[in-house]
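Data block below; observations after.
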Amino acid sequence: MNEFSVICRVLGSLFNRQPQDPLLVPLFALLKEGKLKEQWPLEQDELLTRLQDNSDPQALAADYNALFVGSECSVPPYASQWEQGATEADIRAFLSERGMPLTDAPADHFGVLLLAASWLEDQSEEDESATQLALFNDYLLPWCGAFLGKVEAHATTPFYRTLAALSREAIQAMYDELNEESAPQAE
């Protein structure tokens, strides 16, 4: 698993799952012990320290639910609920065409899109830069700035405000890297 995949998997999991989800226990342990910061491939130490200092899953549950869960949530995590976002059917078709196994859960969830980017990176037999660039250009970037801005504005815990800022920087860094990889090389 390379750096791109790790970043997408970590961020995608934190947005896609309730903080008290048993699958996140190892991730929160790494965070609390400062080990995630040691392994993080981007220069984001200050943000990772803020996450580390505010990473009690039980204390985060109410904020997560208020932000992302239910019809009354303050920040819908689904692309289809944003004016600039694609439909769930379009995203599902895009991912299915690339062989990604999907569940009945909506494929247009912000966390799922990041996990999809990780999956594309891990499963690729050849260079997947063009596919990942399409995922970013068509399905993630059109609405993620507005989404992350609202997370920062509505979060009641430093953890989710920081996670939004960390995600914004990481997504931009990964997008820049994808653009460099897909640019024609000068002879």
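How things are named: the first chain in the structure tokens is A, the next is B, and so on; residues count from 1 in each chain; ligands count from 1 in the order shown.
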*asked:* Report as a list in words all protein, DNA and RNA residues lying within 12 Å of A:Leu30, evaluated on only C-alpha atoms, omitting residues in the same chain fewer than 4 positions from it.
replied: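 Counting only C-alpha atoms, the residues come to Val10, Leu24, Val25, Pro26, Gly34, Lys35, Leu36, Lys37, Glu38, Gln39, Trp40, Leu48, Thr49, Leu51, Gln52 and Ser55 of chain A.
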**Report entry** A:Ala134 environment, 12 Å, only C-alpha atoms, sequence neighbours closer than 4 positions dropped, as a PyMOL selection string
**Finding:** chain A and resi 91+94-95+98+113+116-117+120+128-130+138-142+175+178-179+182
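When only C-alpha atoms are used to compute distances to A:Asp108, the closest of the residues A:Pro76, A:Met174, A:Gln132, A:Asn137 turns out to be A:Pro76.
Closest approach to A:Asp53 from the set A:Leu135, A:Pro158, A:Glu83, A:Ala183 is made by A:Pro158, with distances taken over only C-alpha atoms.
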Any idea what's packed within 7 Å of stretch 19-22 of chain A, counting only C-alpha atoms, ignoring anything in its chain fewer than 5 positions away? Could you give it as a compact mmCIF listing (two decimals) with C-alpha atoms, in the first residue's frame?
```txt
# COMPACT_ATOMS: atom_id res chain seq x y z
CA PRO A 57 -14.07 8.30 20.02
CA GLN A 58 -16.78 8.47 22.70
CA LEU A 60 -16.75 12.49 19.08
CA ALA A 61 -19.91 10.41 18.59
```
Self-check item: Selected residue of minimal separation from A:Cys8 among A:Glu121, A:Glu72, A:Asp45, A:Glu152, counting only C-alpha atoms
Solution: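 Comparing A:Glu121, A:Glu72, A:Asp45, A:Glu152 against A:Cys8, the winner is A:Glu121.
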Identify which of the residues A:Ala165, A:Ala107, A:Leu115, A:Leu133 lies closest to A:Phe147, counting only C-alpha atoms when measuring atom-to-atom distances.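 Checking each of A:Ala165, A:Ala107, A:Leu115, A:Leu133 against A:Phe147, counting only C-alpha atoms, the winner is A:Ala165.
Relative to atom CA of A:Asp176, atom CA of A:Tyr64 is found at 29.1 Å.
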